[in-house]
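One structure is given here, and the rest of the page talks about it.
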Amino acid sequence: MVVFCDEQIPFLSELLKQKVDVVLFSGRKLSNTELLKSNCEALFVRSTTKVNSSLLQQTKVKFVGTATSGIDHIDVDYLKSKDIYFVDAKGSNANSVAEYVVFSILHWHFTNQVELSASTIGIIGFGNIGKIVAKYSNYLGLKVLINDPPLKELIESGLAEKFQDFCEYCEFPEIIKYSNIISNHVPLTFSGKYPTYYLFNENNLSLLQEGTLFIHTSRGGVVKEKSLIKLKFDKNLSLVVDVWENEPQINMNLLKICLIATPHIAGYSFDGKLRGAKKLVDEFQKFFGIKIDTSVLEQELSRYKPAEKPFFSTHSKLYQQLKESRQILDDFEKFKKILEIDDLSEKSKYFDFLRKSYPIRREIL
Ligand code: NAD
């Protein structure tokens, strides 16, 4: 059997090679012709590969796995219509993103001398990531407001568990008014009852409090960057941006005014990648009935130990530890070098290069 695997997914290809022929590819370059020629039956991608009818038509692909949480690069309806099995890695890098958010809050706190015990975080989207961000925010001593209308509806119909006691539900856009830290964790959606494309725009961003920390780690397109840039100086905002409209062609004017800016790596902890690979290989084994030895992966995964509440009590210590383990400020320094590159396509290549060559960073929370 021939399986195509994005070269950036750690461990996966090594594991698959035990039983199948693996062809490695570079995310943005995969073509329908290659899949057709090789009789590929399973495909493993990251967010840089658009999986749709033009990529898969006439091929033998019956299994698609993405090593990402977001699935806006996948035409799920097309896969369903062709009876192609689909699996994502939702949740596997949630803790990595939450760590990034905690680090951003602490960096803002120490840089701007803002009192955390007098601060309120507004979390929009209370799924895998939003829930962990809420828990850690509570540990940090923040007041926690949340907004998630689809989930609220499920709770009201008895189909989901109630929000925890420390979380106060708040409607949109009030949550923007009442918080001095905003972090959104919604998917990018264009239709349905609660679409998130440009969820944050000039109408509601203008309600932000003076001096707010605005953290954006969900997906480019959820925030209208032009409006954010316009408001940055009027409102003295601190901006942390990890995801961008039109990646890998990112807005340099936004990058220049960020407290922290990174090339879509908030979820790039090594532990997150391992969890993602484990989920994909498990589903692959079940689907094709093939047994693969995953003990190496399990051994690596067992090195992760979750942090308890006391770990959050000394903010300066936590800040130092996260600074050393995740090195997000180093990522920012490297990313800023994109400003020195003149050629647009070289800028895009540099964005991709930073993601491709991302070093091993372990989670500590
Ligand atoms: P999830 O599906 O577990 O949770 C999303 C939540 O958003 C759900 O509870 C849903 O009800 C809610 N939601 C949907 N529409 C909403 C709306 N209009 N208003 C408020 N809430 C709404 O997703 P997740 O795994 O927590 O991921 C969240 C986002 O983070 C996704 O966009 C994902 O692509 C992104 N992500 C980014 C990185 C990164 O590296 N920066 C890594 C992982 C995930």
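Residue names in the structure tokens use chain letters A, B, ... in the order shown, residue numbers from 1 in each chain, and ligand numbers from 1 in the order shown.
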
Within-7 Å residues of ligand 1, basis only C-alpha atoms and all ligand atoms, as an MDAnalysis selection string = chainID A and resid 68:71 90:91 93:94 97 124:130 147:151 185:188 194:196 199 217:219 242:243 264:268

With a distance cut-off of 8 Å and only C-alpha atoms, select the neighbouring residues of region 352-360 of chain A, excluding the residue or stretch itself and same-chain residues fewer than 2 positions from it, and output the selection as a ChimeraX atom specification.
-> /A:8,248,263-265,268-270,335,348-350,362

Produce a file of the selected residues containing C-alpha atoms, as a PDB file, in the first residue's frame.
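Output below, filename again.pdb:
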ATOM      1  CA  GLN A   8       6.658  17.774   8.827  1.00  0.00           C
ATOM      2  CA  PRO A 248       2.116  32.707   4.327  1.00  0.00           C
ATOM      3  CA  PRO A 263       4.428  32.282  12.478  1.00  0.00           C
ATOM      4  CA  HIS A 264       1.483  30.038  13.457  1.00  0.00           C
ATOM      5  CA  ILE A 265       3.439  27.948  15.944  1.00  0.00           C
ATOM      6  CA  TYR A 268       3.855  23.448  17.810  1.00  0.00           C
ATOM      7  CA  SER A 269       5.032  21.883  21.042  1.00  0.00           C
ATOM      8  CA  PHE A 270       6.684  18.518  20.563  1.00  0.00           C
ATOM      9  CA  PHE A 335      10.118  36.094  12.870  1.00  0.00           C
ATOM     10  CA  SER A 348       6.454  33.676   2.254  1.00  0.00           C
ATOM     11  CA  LYS A 349       9.252  31.135   2.002  1.00  0.00           C
ATOM     12  CA  TYR A 350      10.735  32.456   5.233  1.00  0.00           C
ATOM     13  CA  ARG A 362       8.383  20.390  25.404  1.00  0.00           C
TER      14      ARG A 362
END

In Å to one decimal, how far is CA of Lys224 (chain A) from CA of Glu245 (chain A)?
->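 If I compute the distance from CA of Glu245 (chain A) to CA of Lys224 (chain A), I get 8.2 Å.
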
Which residues come within 10 Å of region 308-313 of chain A, counting only C-alpha atoms, excluding same-chain residues fewer than 6 positions away, as a PyMOL selection string?
-> chain A and resi 102+135-141+319+364-365

Suppose we keep N, CA, C and O atoms; can you now write the selection as a compact mmCIF listing (two decimals), in the first residue's frame?
# COMPACT_ATOMS: atom_id res chain seq x y z
N VAL A 102 -0.82 31.52 28.17
CA VAL A 102 -0.36 31.82 29.53
C VAL A 102 0.93 32.63 29.47
O VAL A 102 1.09 33.65 30.16
N LYS A 135 -9.04 27.26 32.54
CA LYS A 135 -8.51 26.64 33.76
C LYS A 135 -7.22 27.33 34.20
O LYS A 135 -7.08 27.74 35.36
N TYR A 136 -6.31 27.54 33.26
CA TYR A 136 -5.03 28.17 33.60
C TYR A 136 -5.24 29.64 34.02
O TYR A 136 -4.54 30.15 34.89
N SER A 137 -6.20 30.32 33.38
CA SER A 137 -6.47 31.72 33.73
C SER A 137 -6.96 31.80 35.16
O SER A 137 -6.59 32.70 35.92
N ASN A 138 -7.79 30.84 35.54
CA ASN A 138 -8.28 30.76 36.91
C ASN A 138 -7.11 30.53 37.87
O ASN A 138 -7.00 31.17 38.92
N TYR A 139 -6.20 29.65 37.50
CA TYR A 139 -5.01 29.39 38.33
C TYR A 139 -4.16 30.65 38.47
O TYR A 139 -3.50 30.86 39.48
N LEU A 140 -4.17 31.49 37.41
CA LEU A 140 -3.36 32.73 37.45
C LEU A 140 -4.02 33.82 38.29
O LEU A 140 -3.44 34.86 38.54
N GLY A 141 -5.27 33.60 38.67
CA GLY A 141 -5.99 34.57 39.49
C GLY A 141 -6.81 35.57 38.68
O GLY A 141 -7.21 36.62 39.20
N TYR A 319 6.80 32.46 34.67
CA TYR A 319 7.19 33.23 33.48
C TYR A 319 8.58 32.79 33.00
O TYR A 319 8.79 32.51 31.82
N ILE A 364 5.41 22.27 29.64
CA ILE A 364 5.65 22.12 31.08
C ILE A 364 4.37 22.28 31.90
O ILE A 364 4.35 22.07 33.10
N LEU A 365 3.28 22.69 31.25
CA LEU A 365 2.02 22.85 32.01
C LEU A 365 1.12 21.63 31.82
O LEU A 365 1.14 20.99 30.78

Provide the CA of Phe233 (chain A) to CA of Lys347 (chain A) distance in Å, to one decimal place.
->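 Separating CA of Phe233 (chain A) from CA of Lys347 (chain A) is a distance of 26.0 Å.
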
Write out as a PyMOL selection string all residues of region 27-151 of chain A that backbone DSSP assigns to strand (DSSP E or B).
-> chain A and resi 40-45+51+63-66+74+85-87+120-124+143-147

Written selection (C-alpha atoms) as an mmCIF file, in the first residue's frame:
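Saved file again31.cif follows:
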data_model
loop_
_atom_site.group_PDB
_atom_site.id
_atom_site.type_symbol
_atom_site.label_atom_id
_atom_site.label_comp_id
_atom_site.auth_asym_id
_atom_site.auth_seq_id
_atom_site.Cartn_x
_atom_site.Cartn_y
_atom_site.Cartn_z
ATOM 1 C CA CYS A 40 -1.937 6.360 -3.067
ATOM 2 C CA GLU A 41 -4.577 4.986 -0.639
ATOM 3 C CA ALA A 42 -4.015 7.091 2.466
ATOM 4 C CA LEU A 43 -2.961 10.689 2.884
ATOM 5 C CA PHE A 44 -1.626 12.536 5.949
ATOM 6 C CA VAL A 45 -1.506 16.345 5.746
ATOM 7 C CA VAL A 51 -7.652 18.590 0.444
ATOM 8 C CA PHE A 63 -8.329 7.638 4.196
ATOM 9 C CA VAL A 64 -7.320 11.236 4.971
ATOM 10 C CA GLY A 65 -5.754 12.323 8.241
ATOM 11 C CA THR A 66 -4.753 15.848 9.207
ATOM 12 C CA ILE A 74 -10.245 20.112 4.215
ATOM 13 C CA TYR A 85 -12.657 8.258 5.930
ATOM 14 C CA PHE A 86 -11.442 11.426 7.647
ATOM 15 C CA VAL A 87 -9.678 11.977 10.958
ATOM 16 C CA THR A 120 -10.526 39.824 33.450
ATOM 17 C CA ILE A 121 -10.001 37.461 30.544
ATOM 18 C CA GLY A 122 -12.719 37.087 27.917
ATOM 19 C CA ILE A 123 -12.443 33.696 26.223
ATOM 20 C CA ILE A 124 -14.419 33.326 23.003
ATOM 21 C CA LYS A 143 -11.618 36.636 36.463
ATOM 22 C CA VAL A 144 -12.871 34.394 33.636
ATOM 23 C CA LEU A 145 -15.646 35.362 31.198
ATOM 24 C CA ILE A 146 -16.589 33.032 28.381
ATOM 25 C CA ASN A 147 -18.641 33.210 25.219
#

Quick one: everything within 12 Å of Leu15 (chain A), counting only C-alpha atoms, minus sequence neighbours fewer than 5 positions away in the same chain. Send it as a ChimeraX atom specification.
-> /A:3,5,9-10,20-22,274,277-278,280-282,284-285,290-298

Of the listed residues A:Lys131, A:Ser302, A:Lys336, A:Val2, that which approaches Lys256 (chain A) most closely, counting only C-alpha atoms | A:Lys336

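Interatomic distance, CA of Ile229 (chain A) against CA of Lys334 (chain A): 21.8 Å.
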
So, counting only C-alpha atoms, which residue among A:Lys305, A:Lys226, A:Lys50, A:Lys62 is closest to Leu254 (chain A)?
->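 Looking only at the distances to Leu254 (chain A), the closest residue turns out to be A:Lys226.
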
Residues at most 12 Å from Gln58 (chain A), counting only C-alpha atoms, excluding those fewer than 3 positions away in the same chain, as a PyMOL selection string?
-> chain A and resi 32-37+39-41+52-55+61-62+82

For the residues in the current selection, export N, CA and C atoms as a PDB file, in the first residue's frame.
ATOM      1  N   ASN A  32      -2.478  16.315  -7.598  1.00  0.00           N
ATOM      2  CA  ASN A  32      -3.348  15.212  -7.956  1.00  0.00           C
ATOM      3  C   ASN A  32      -2.586  14.176  -8.790  1.00  0.00           C
ATOM      4  N   THR A  33      -1.750  14.651  -9.720  1.00  0.00           N
ATOM      5  CA  THR A  33      -0.990  13.748 -10.594  1.00  0.00           C
ATOM      6  C   THR A  33      -0.137  12.785  -9.773  1.00  0.00           C
ATOM      7  N   GLU A  34       0.532  13.308  -8.741  1.00  0.00           N
ATOM      8  CA  GLU A  34       1.396  12.437  -7.934  1.00  0.00           C
ATOM      9  C   GLU A  34       0.590  11.350  -7.244  1.00  0.00           C
ATOM     10  N   LEU A  35      -0.586  11.740  -6.708  1.00  0.00           N
ATOM     11  CA  LEU A  35      -1.418  10.764  -6.001  1.00  0.00           C
ATOM     12  C   LEU A  35      -1.934   9.700  -6.974  1.00  0.00           C
ATOM     13  N   LEU A  36      -2.313  10.149  -8.165  1.00  0.00           N
ATOM     14  CA  LEU A  36      -2.827   9.234  -9.189  1.00  0.00           C
ATOM     15  C   LEU A  36      -1.745   8.241  -9.622  1.00  0.00           C
ATOM     16  N   LYS A  37      -0.566   8.779  -9.932  1.00  0.00           N
ATOM     17  CA  LYS A  37       0.532   7.963 -10.469  1.00  0.00           C
ATOM     18  C   LYS A  37       0.935   6.853  -9.507  1.00  0.00           C
ATOM     19  N   ASN A  39      -0.915   5.473  -7.048  1.00  0.00           N
ATOM     20  CA  ASN A  39      -2.016   4.678  -6.474  1.00  0.00           C
ATOM     21  C   ASN A  39      -2.117   4.839  -4.964  1.00  0.00           C
ATOM     22  N   CYS A  40      -1.910   6.067  -4.504  1.00  0.00           N
ATOM     23  CA  CYS A  40      -1.937   6.360  -3.067  1.00  0.00           C
ATOM     24  C   CYS A  40      -3.316   6.015  -2.465  1.00  0.00           C
ATOM     25  N   GLU A  41      -3.307   5.359  -1.282  1.00  0.00           N
ATOM     26  CA  GLU A  41      -4.577   4.986  -0.639  1.00  0.00           C
ATOM     27  C   GLU A  41      -4.864   5.771   0.637  1.00  0.00           C
ATOM     28  N   ASN A  52      -9.230  18.607  -1.390  1.00  0.00           N
ATOM     29  CA  ASN A  52     -10.531  18.836  -2.022  1.00  0.00           C
ATOM     30  C   ASN A  52     -10.621  18.004  -3.302  1.00  0.00           C
ATOM     31  N   SER A  53     -11.656  18.275  -4.104  1.00  0.00           N
ATOM     32  CA  SER A  53     -11.844  17.432  -5.292  1.00  0.00           C
ATOM     33  C   SER A  53     -10.679  17.584  -6.263  1.00  0.00           C
ATOM     34  N   SER A  54     -10.111  18.784  -6.380  1.00  0.00           N
ATOM     35  CA  SER A  54      -9.021  18.895  -7.364  1.00  0.00           C
ATOM     36  C   SER A  54      -7.799  18.091  -6.932  1.00  0.00           C
ATOM     37  N   LEU A  55      -7.582  17.906  -5.648  1.00  0.00           N
ATOM     38  CA  LEU A  55      -6.439  17.097  -5.223  1.00  0.00           C
ATOM     39  C   LEU A  55      -6.757  15.595  -5.332  1.00  0.00           C
ATOM     40  N   VAL A  61      -7.477   7.268  -2.999  1.00  0.00           N
ATOM     41  CA  VAL A  61      -7.393   7.636  -1.580  1.00  0.00           C
ATOM     42  C   VAL A  61      -8.708   7.314  -0.871  1.00  0.00           C
ATOM     43  N   LYS A  62      -8.628   6.533   0.239  1.00  0.00           N
ATOM     44  CA  LYS A  62      -9.834   6.222   1.005  1.00  0.00           C
ATOM     45  C   LYS A  62      -9.721   6.677   2.452  1.00  0.00           C
ATOM     46  N   LYS A  82     -17.585  11.109  -1.178  1.00  0.00           N
ATOM     47  CA  LYS A  82     -16.805  10.044  -1.837  1.00  0.00           C
ATOM     48  C   LYS A  82     -16.528   8.887  -0.881  1.00  0.00           C
TER      49      LYS A  82
END

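The shortest atom-to-atom distance to Phe11 (chain A), with only C-alpha atoms taken into account, belongs to A:Leu301 out of A:Leu301, A:Leu205, A:Ala118, A:Ile257.
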
Kindly provide the residues of region 169-216 of chain A that approach region 107-116 of chain A to within 12 Å, each paired with its closest atom pair and their distance in Å to one decimal, based on only C-alpha atoms, listed by chain and increasing number, as a tab-separated table.
residue	atom	partner	partner_atom	distance
A:Ser179	CA	A:Leu116	CA	11.9
A:Asn180	CA	A:Leu116	CA	10.0
A:Ile181	CA	A:Trp108	CA	9.9
A:Gly211	CA	A:Asn112	CA	9.2
A:Thr212	CA	A:Trp108	CA	9.8
A:Leu213	CA	A:Trp108	CA	7.3
A:Phe214	CA	A:Trp108	CA	10.3
A:Ile215	CA	A:Trp108	CA	10.7

For those residues, write N, CA and C atoms to a file as an mmCIF file, in the first residue's frame.
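Resulting contents of part.cif:
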data_model
loop_
_atom_site.group_PDB
_atom_site.id
_atom_site.type_symbol
_atom_site.label_atom_id
_atom_site.label_comp_id
_atom_site.auth_asym_id
_atom_site.auth_seq_id
_atom_site.Cartn_x
_atom_site.Cartn_y
_atom_site.Cartn_z
ATOM 1 N N SER A 179 -13.741 42.834 29.448
ATOM 2 C CA SER A 179 -12.466 42.124 29.660
ATOM 3 C C SER A 179 -11.299 43.039 29.306
ATOM 4 N N ASN A 180 -10.162 42.857 29.995
ATOM 5 C CA ASN A 180 -8.967 43.571 29.540
ATOM 6 C C ASN A 180 -7.927 42.615 28.950
ATOM 7 N N ILE A 181 -8.332 41.337 28.860
ATOM 8 C CA ILE A 181 -7.569 40.366 28.061
ATOM 9 C C ILE A 181 -8.610 39.632 27.209
ATOM 10 N N GLY A 211 -5.824 49.718 26.641
ATOM 11 C CA GLY A 211 -4.740 48.907 27.209
ATOM 12 C C GLY A 211 -4.994 47.407 27.211
ATOM 13 N N THR A 212 -6.017 46.958 26.487
ATOM 14 C CA THR A 212 -6.333 45.523 26.467
ATOM 15 C C THR A 212 -5.216 44.705 25.813
ATOM 16 N N LEU A 213 -5.042 43.486 26.350
ATOM 17 C CA LEU A 213 -4.174 42.509 25.700
ATOM 18 C C LEU A 213 -5.062 41.669 24.781
ATOM 19 N N PHE A 214 -4.790 41.704 23.486
ATOM 20 C CA PHE A 214 -5.599 40.965 22.502
ATOM 21 C C PHE A 214 -4.737 39.833 21.945
ATOM 22 N N ILE A 215 -5.147 38.591 22.231
ATOM 23 C CA ILE A 215 -4.357 37.426 21.809
ATOM 24 C C ILE A 215 -5.101 36.692 20.694
#

Pick the closest to Ser13 (chain A) from A:Glu283, A:Ala134, A:Asp343, A:Phe25: which is it, counting only C-alpha atoms?
->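 Ranked by minimum distance to Ser13 (chain A), first place goes to A:Phe25.
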
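Here the question is which of A:Gln57, A:Asn246, A:Asn251, A:Asn201 gets nearest to Leu228 (chain A) using only C-alpha atoms, and that residue is A:Asn201.
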
A:Glu210, A:Glu225, A:Asp75, A:Glu168 ranked by distance to Ile250 (chain A), top pick (using only C-alpha atoms) =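 Residue with the minimum atom-to-atom distance to Ile250 (chain A): A:Glu225.
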